[in-house]
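A.B. asks: What follows is a structure written as structure tokens; I'll ask about it next.
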Amino acid sequence: MAKIKVLVVDDSASVRQALVTILSADPVFEVEVASDPFAAAGHIARRVPDVITLDVEMPRMDGITFLRKLMSQCPLPVVMVSSLVENGSETLFQALEAGAVDVILKPRMGVADHLAEQHQHIRDTVKSAARARVSARSAAQRVSPAPKLTADAMLPPPNTRAMARTTEMVVCIGASTGGTEALRTVLTALPANSPGIVVVQHMPESFTRAFAQRLDGLCEVSVKEAEDGDTVMRGHVLIAPGGLRHTMLERQGARYVVSVKEGPLVSRHRPSVDVLFRSAARSAGANAVGVIMTGMGDDGAKGLLEMRSAGARTLAQDEASSVVFGMPKEAIACGAAEKVVALDGIARALLQAATR
């Protein structure tokens, strides 16, 4: 198996040591460290890593400035590791817009203990980043995912009989690595009278509210973080909250609402795309459109197949426009995707599917 070369860049010795310990526990990683961007530049000149973990607040040069320089001169997959992106900070979005693939949150207190508790998530995130299409480079060796729960943990298997169609449609979208910018592309292209949309984007807790607020200022549709009992309405987008809860679609009479409930990790994620898609298959049937976008792993593939079996229209993002062609690839392979679409065509395709 090909090794994944990781460069950890952080001015905190305790954080560097914690990340080295966590990553080195998996033999696929080869880890080096640097205390600031200038030291990191020296490492990169000697040996180009497959992925970099990068702090934001460092001496001599901050992480965002270094990230922008790196992307303009030597594009590499970068995962931001910082506490500054907590509680709606604009730093998260600056990092993603500058080219970061993903973000790992560290608290301001008890950093080492917190990182140790998240060891599997950190390793998964770095593996995902190593496979990201940041530039014209070969993807790293695929790493088998750890055993994981299915949507059965939150919802029983749906009735395979297609639900009778109503006049109102609902769109469910799932994304992971690379999805924040992909979602911005799709949602900013939608008109104000678009069908109601529910989104699961794999993001850490506390980021989704700021993400929704940022999109709301850019889009013609209204965007907010989903709350339990929110109605899915035309012209509105609900972003599933990150953290300890799953977001599901339910039908109440003639309307759809979301249910936000605590539960275990499903397909190694919470919220899980599989959980949302299965709930849509069960509650909406042919009245739904499912869209699976860029991301590592297979979360959403089985759920999208259940949606298609229930009569929904289903779309998958194509390989060329995906940052990581994992989730869409698995959905296509199992026959869940009715149509494969480039990122810049997804908004138009989902509107067409919603109007039949």
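Residue numbering restarts at 1 for every chain of the structure tokens, chains are lettered A, B, ... in their displayed order, and ligands are numbered from 1 as they appear.
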Could you give me the residues within range 283-319 of chain A that DSSP places in alpha helix (DSSP H), as a VMD selection string?
C.D. replies: chain A and resid 283 301 to 309
A.B. asks: Env of range 319-333 of chain A: 8 Å cut, atoms = only C-alpha atoms, seq-sep filter 6 positions within chain, self excluded. Answer as a ChimeraX atom specification.
C.D. replies: /A:128,131-134,175,177-178,292-302,304-305,340,342-343
A.B. asks: Quick one: residues within 6 Å of Val79 in chain A, only C-alpha atoms, excluding same-chain residues fewer than 6 positions away - as a VMD selection string?
C.D. replies: chain A and resid 53 100 to 103
A.B. asks: Restricting the output to N, CA, C and O atoms, write the selected residues as a PDB file, in the first residue's frame.
C.D. replies:
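That gives us part.pdb:
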ATOM      1  N   THR A  53      -1.333  19.352   7.209  1.00  0.00           N
ATOM      2  CA  THR A  53      -2.255  19.881   8.217  1.00  0.00           C
ATOM      3  C   THR A  53      -1.672  21.216   8.670  1.00  0.00           C
ATOM      4  O   THR A  53      -0.479  21.307   8.970  1.00  0.00           O
ATOM      5  N   ALA A 100      -8.237  25.226   1.003  1.00  0.00           N
ATOM      6  CA  ALA A 100      -8.207  24.126   1.968  1.00  0.00           C
ATOM      7  C   ALA A 100      -9.255  23.083   1.603  1.00  0.00           C
ATOM      8  O   ALA A 100     -10.353  23.413   1.155  1.00  0.00           O
ATOM      9  N   VAL A 101      -8.906  21.832   1.801  1.00  0.00           N
ATOM     10  CA  VAL A 101      -9.812  20.731   1.475  1.00  0.00           C
ATOM     11  C   VAL A 101     -10.812  20.487   2.599  1.00  0.00           C
ATOM     12  O   VAL A 101     -11.973  20.202   2.364  1.00  0.00           O
ATOM     13  N   ASP A 102     -10.359  20.606   3.845  1.00  0.00           N
ATOM     14  CA  ASP A 102     -11.228  20.302   4.981  1.00  0.00           C
ATOM     15  C   ASP A 102     -10.704  21.021   6.221  1.00  0.00           C
ATOM     16  O   ASP A 102      -9.657  21.676   6.182  1.00  0.00           O
ATOM     17  N   VAL A 103     -11.432  20.875   7.322  1.00  0.00           N
ATOM     18  CA  VAL A 103     -11.100  21.562   8.568  1.00  0.00           C
ATOM     19  C   VAL A 103     -11.241  20.594   9.728  1.00  0.00           C
ATOM     20  O   VAL A 103     -12.191  19.808   9.776  1.00  0.00           O
TER      21      VAL A 103
END
A.B. asks: Taking only range 291-331 of chain A into account, list the residues labelled strand (DSSP E) by DSSP (computed from the backbone), as number ranges by chain.
C.D. replies: A: 291-292, 313-317
A.B. asks: Near Asp55 in chain A, counting only C-alpha atoms, which residues have an atom at most 12 Å away, once you skip same-chain residues fewer than 3 positions from it, shown as a PyMOL selection string?
C.D. replies: chain A and resi 7-13+15-16+19+33-37+40+52+58-59+61-67+78-85+91-92+95+100+103-106
A.B. asks: Could you tell me how far CA of Ser24 in chain A lies from CA of Ala41 in chain A, in Å and to one decimal?
C.D. replies: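 CA of Ala41 in chain A lies at a distance of 22.1 Å from CA of Ser24 in chain A.
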A.B. asks: CA of Val186 in chain A and CA of Arg268 in chain A, how far apart in Å?
C.D. replies: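 Atom-to-atom, CA of Arg268 in chain A to CA of Val186 in chain A, that is 25.4 Å.
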A.B. asks: For a quick check of understanding, using only C-alpha atoms, which of A:Glu338, A:Glu262, A:Glu220, A:Asp26 has the smallest distance to Arg123 in chain A?
C.D. replies: A:Asp26
A.B. asks: Separation of CA of Gly345 in chain A and CA of Gly174 in chain A, in Å?
C.D. replies: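 Atom-to-atom, CA of Gly345 in chain A and CA of Gly174 in chain A are spaced 16.2 Å apart.
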